[in-house]
Amino acid sequence: MQKADNAKEFVKEITPRDKDFSQWYIDVVLRAELADYSPVRGCMVIRPHGYAIWENIQKSLDERFRATGHQNAYFPLFIPESFFQREAEHVEGFTPEVAWVTQGGSEPLTERLAVRPTSETIICTMYSKWIQSWRDLPVLINQWCNVVRWEKATRPFLRTAEFLWQEGHTVHASEEEAEAEALRMLDVYKEFAENVLAIPVIAGKKTEREKFAGALRTYTIEALMSDGKALQAGTSHNLGQHFAKVFDITYLDKDGQLKYGWQTSWGVSTRLIGALIMVHGDDRGLSLPPAVAPIEVAIVPIMPGNQRERVLESASALLQSLTQVARTVLDSREEYTPGWKFNEWEMRGVPVRVELGPRDIANNQVVLVRRDTGEKIQVGRDDVARTVRSLLDTVQRDMLQKAARFRDENTRLVSCMDEFKEILQTKRGFLLAGWCGHDQCETSIKETTGATVRCLPFEEMGKADKCVCCGEPAVATPVFARAY
RNA sequence: CGGGGCGUAGCGCAGUUUGGUAGCGCACCAGCUUUGGGAGCUGGGGGCCCCGGGUUCAAGUCCCGGCGCCCCGACCA
């Protein structure tokens, strides 16, 4: 009995999620070995397990970008200050968080170089050179890179001084085309978030106050974390002609007229890994949907000394057959007990564990254990590969459904400020409330409640007649929330 | 950047009030016994006590300055 109690204590290496969500989050990041703090302020090291998740995200998105006609390229890390200064709103938005290079070797630079916080300006400079004719359009380019934003308060994956992302930058011949592109890429993000990350999102438009610095319109997908706070999971901007005009991106159209291009940009970052943690994680640690899990199946052999060879042999055969259907590892380490391994793979979020011991060999079966529900399933040896594959698909679907149910249960239509505040103080979540459309009310709500308009959803989720703040007729019913 | 907290072995901490040989648990190494939910015993190794000054015979402990991390705000993917 004593032993069992002690064993429980060890699991407490992770702070319970409901006790202290922030501490729980940090514990999961560190204990699952996704990332570690580095000697550089605000900068983290993404460890192999975290990076493998990022590589899976990259792979899935790249397929989708290719399928929609985009190509990858790479632009410089450094941006001359004069380029950066050209678009007024853009400069104003980003200046507070730009890191500058002022010296090369021992020589001071004649012009400071910004370490890119985003690449619109350097990319537009190149596009200006490359685009001459309507035949050059559309330009559909994406870049995977790091960017730097000198953040004051940082948290692993959610906000770091340097982070990894992709940024798509496109140029089109017409406003309609650019708008269609911005919406199409938002749609790609939504489909990806839901089908790959198993994170349900609300797609919509940002308000003027919340839009990207320099954009005409900003679209977003918003996800709900399990502590009731929102996280922007991806953005897509219709840049209009703001940048084209200051960077002189012009083309000669079929009608002989010189015209400015219409642009978009869109991105997702390593922040998505933070979202995966906060949407699916629990007191046992990380829980990954199979589609992004670096390891989908961990085989844990139970090998008493006198049966070691026999179990290992059987486990190796099992590994071979499971490798055909899923990313599988066989954990044959002898320095750890099975129980230790169970906890370890759960902590790392592996969606399915397979237990194989003498009892299973005797019965010609294995035991499958789901990470998301803890459910144990006995399966005949001949059916293992097929069952594991379909179980992984089931887990993927169930995780999305569970997250969607949570999101729905935590989305509330409110009619007055008292109710608004009360829910934010207790349950949080998404709040649907009427809005008159004025910046003044949006700002006031933010100041009094800490909640911002996450987006004006494309699909109506609820409808209020009056502005929750001023009582004037509502022009929209946005999604409000406290956000990361 | 404002308010609060914390920096002692890889991790979690005690020791700081009242200055006097740097400790505990886990982890690590070796050996034996173990293995179906974080194994047991025995024996070991590991410390610029965040950094820099100062006070003192003597500083993990007192004083001054800095840096880092966490939480709550403001700003942001």
# chains A, B, ... in the order shown; residues from 1 in each chain; ligands from 1
$ interface_residues --of "chain A" --to "chain B" --cutoff "9 Å" --atoms "only C-alpha atoms (C1' of nucleotides)" --output "number ranges by chain"
A: 7-8, 10-11, 13, 22-23, 39, 41, 96-97, 149, 151-152, 158-159, 163, 165, 232-235, 267-271, 302-305, 334, 336-344, 355-357, 359
$ residues_around --residues "Val201 in chain A" --least-positions-apart "5" --cutoff "9 Å" --atoms "only C-alpha atoms (C1' of nucleotides)" --output "PDB file with C-alpha atoms, in the first residue's frame"
ATOM      1  CA  LYS A 190      -8.969  26.080 -40.403  1.00  0.00           C
ATOM      2  CA  ALA A 193      -6.186  23.053 -37.313  1.00  0.00           C
ATOM      3  CA  GLU A 194      -9.266  20.860 -37.129  1.00  0.00           C
ATOM      4  CA  ILE A 221      -8.846  31.545 -36.642  1.00  0.00           C
ATOM      5  CA  GLU A 222      -9.423  31.588 -32.900  1.00  0.00           C
ATOM      6  CA  ALA A 223      -9.101  28.582 -30.615  1.00  0.00           C
ATOM      7  CA  LEU A 224     -10.211  28.106 -27.017  1.00  0.00           C
ATOM      8  CA  ALA A 233      -4.038  30.129 -34.087  1.00  0.00           C
ATOM      9  CA  ALA A 404     -15.328  21.021 -29.897  1.00  0.00           C
ATOM     10  CA  ARG A 407     -15.551  24.950 -26.922  1.00  0.00           C
TER      11      ARG A 407
END
$ closest_residue --among "B:G2, B:G7, B:G31, B:G60" --to "G44 in chain B" --atoms "only C-alpha atoms (C1' of nucleotides)"
B:G31
$ atom_distance --atom1 "CA of Glu460 in chain A" --atom2 "CA of Pro200 in chain A"
15.8 Å
$ select_by_dssp --residues "range 1-102 of chain A" --states "strand (DSSP E or B)" --output "list in words"
Ala35, Asp36, Tyr37, Met44, Val45, Ile46, Gln71, Asn72, Phe78, Ile79, Pro80, Ala99, Trp100, Val101 and Thr102 of chain A
$ write_last_selection --atoms "C-alpha atoms" --output "short mmCIF file (atom, residue, chain, number, x, y, z; two decimals), in the first residue's frame"
data_model
loop_
_atom_site.label_atom_id
_atom_site.label_comp_id
_atom_site.auth_asym_id
_atom_site.auth_seq_id
_atom_site.Cartn_x
_atom_site.Cartn_y
_atom_site.Cartn_z
CA ALA A 35 11.55 22.97 -25.07
CA ASP A 36 13.95 24.31 -22.50
CA TYR A 37 15.03 27.74 -21.36
CA MET A 44 13.90 29.00 -25.82
CA VAL A 45 15.54 25.90 -27.19
CA ILE A 46 13.11 23.69 -29.06
CA GLN A 71 6.14 27.71 -53.68
CA ASN A 72 8.71 28.07 -50.93
CA PHE A 78 18.16 41.50 -42.08
CA ILE A 79 16.08 44.38 -43.33
CA PRO A 80 17.63 47.83 -43.97
CA ALA A 99 15.96 44.23 -32.64
CA TRP A 100 18.61 46.22 -34.51
CA VAL A 101 22.05 45.34 -35.83
CA THR A 102 24.27 48.41 -35.72
#
$ select_by_dssp --residues "range 337-404 of chain A" --states "helix (DSSP H, G or I)" --output "ChimeraX atom specification"
/A:338-347,358-363,381-404
$ write_last_selection --atoms "C-alpha atoms" --output "PDB file, in the first residue's frame"
ATOM      1  CA  PRO A 338       6.929  -0.915 -17.368  1.00  0.00           C
ATOM      2  CA  GLY A 339       5.078   1.444 -15.024  1.00  0.00           C
ATOM      3  CA  TRP A 340       7.728   4.087 -15.439  1.00  0.00           C
ATOM      4  CA  LYS A 341       7.506   3.782 -19.207  1.00  0.00           C
ATOM      5  CA  PHE A 342       3.703   4.043 -19.172  1.00  0.00           C
ATOM      6  CA  ASN A 343       3.964   7.379 -17.415  1.00  0.00           C
ATOM      7  CA  GLU A 344       6.785   8.591 -19.598  1.00  0.00           C
ATOM      8  CA  TRP A 345       5.014   7.956 -22.894  1.00  0.00           C
ATOM      9  CA  GLU A 346       1.843   9.463 -21.540  1.00  0.00           C
ATOM     10  CA  MET A 347       3.758  12.562 -20.488  1.00  0.00           C
ATOM     11  CA  PRO A 358       3.998 -13.130 -21.110  1.00  0.00           C
ATOM     12  CA  ARG A 359       0.255 -13.185 -20.442  1.00  0.00           C
ATOM     13  CA  ASP A 360      -0.448 -11.639 -23.832  1.00  0.00           C
ATOM     14  CA  ILE A 361       1.861 -14.016 -25.613  1.00  0.00           C
ATOM     15  CA  ALA A 362       0.104 -16.931 -23.925  1.00  0.00           C
ATOM     16  CA  ASN A 363      -3.267 -15.590 -25.086  1.00  0.00           C
ATOM     17  CA  ARG A 381      -2.525 -10.683 -32.316  1.00  0.00           C
ATOM     18  CA  ASP A 382      -3.633 -11.170 -35.919  1.00  0.00           C
ATOM     19  CA  ASP A 383      -5.734  -8.002 -35.867  1.00  0.00           C
ATOM     20  CA  VAL A 384      -3.248  -5.680 -34.185  1.00  0.00           C
ATOM     21  CA  ALA A 385      -2.035  -3.630 -37.142  1.00  0.00           C
ATOM     22  CA  ARG A 386      -5.488  -3.046 -38.537  1.00  0.00           C
ATOM     23  CA  THR A 387      -6.970  -2.266 -35.131  1.00  0.00           C
ATOM     24  CA  VAL A 388      -4.172   0.122 -34.198  1.00  0.00           C
ATOM     25  CA  ARG A 389      -4.607   2.047 -37.413  1.00  0.00           C
ATOM     26  CA  SER A 390      -8.330   2.420 -36.998  1.00  0.00           C
ATOM     27  CA  LEU A 391      -7.895   3.225 -33.308  1.00  0.00           C
ATOM     28  CA  LEU A 392      -5.510   6.066 -34.201  1.00  0.00           C
ATOM     29  CA  ASP A 393      -8.068   7.439 -36.609  1.00  0.00           C
ATOM     30  CA  THR A 394     -10.739   7.166 -33.939  1.00  0.00           C
ATOM     31  CA  VAL A 395      -8.530   8.956 -31.409  1.00  0.00           C
ATOM     32  CA  GLN A 396      -7.925  11.740 -33.928  1.00  0.00           C
ATOM     33  CA  ARG A 397     -11.671  12.212 -34.454  1.00  0.00           C
ATOM     34  CA  ASP A 398     -12.561  11.902 -30.777  1.00  0.00           C
ATOM     35  CA  MET A 399      -9.976  14.459 -29.735  1.00  0.00           C
ATOM     36  CA  LEU A 400     -11.458  17.003 -32.119  1.00  0.00           C
ATOM     37  CA  GLN A 401     -14.949  16.193 -30.903  1.00  0.00           C
ATOM     38  CA  LYS A 402     -13.974  16.498 -27.280  1.00  0.00           C
ATOM     39  CA  ALA A 403     -12.314  19.862 -27.887  1.00  0.00           C
ATOM     40  CA  ALA A 404     -15.328  21.021 -29.897  1.00  0.00           C
TER      41      ALA A 404
END
$ closest_residue --among "A:Gly104, A:Gly374, A:Gly434, A:Pro138" --to "Met461 in chain A" --atoms "only C-alpha atoms"
A:Gly434
$ atom_distance --atom1 "CA of Phe83 in chain A" --atom2 "CA of Trp134 in chain A"
24.9 Å
$ residues_around --residues "Lys205 in chain A" --least-positions-apart "6" --cutoff "10 Å" --atoms "only C-alpha atoms (C1' of nucleotides)" --output "VMD selection string"
chain A and resid 183 211 217 to 221 235 to 237 453 to 458 478
$ closest_residue --among "A:Pro76, A:Gly471, A:Gly256, A:Gly281" --to "Asp227 in chain A" --atoms "only C-alpha atoms"
A:Gly281
$ residues_around --residues "range 63-66 of chain A" --least-positions-apart "6" --cutoff "12 Å" --atoms "only C-alpha atoms (C1' of nucleotides)" --output "ChimeraX atom specification"
/A:56-57,72,140-144,166-169,181,184-192,196,266-267
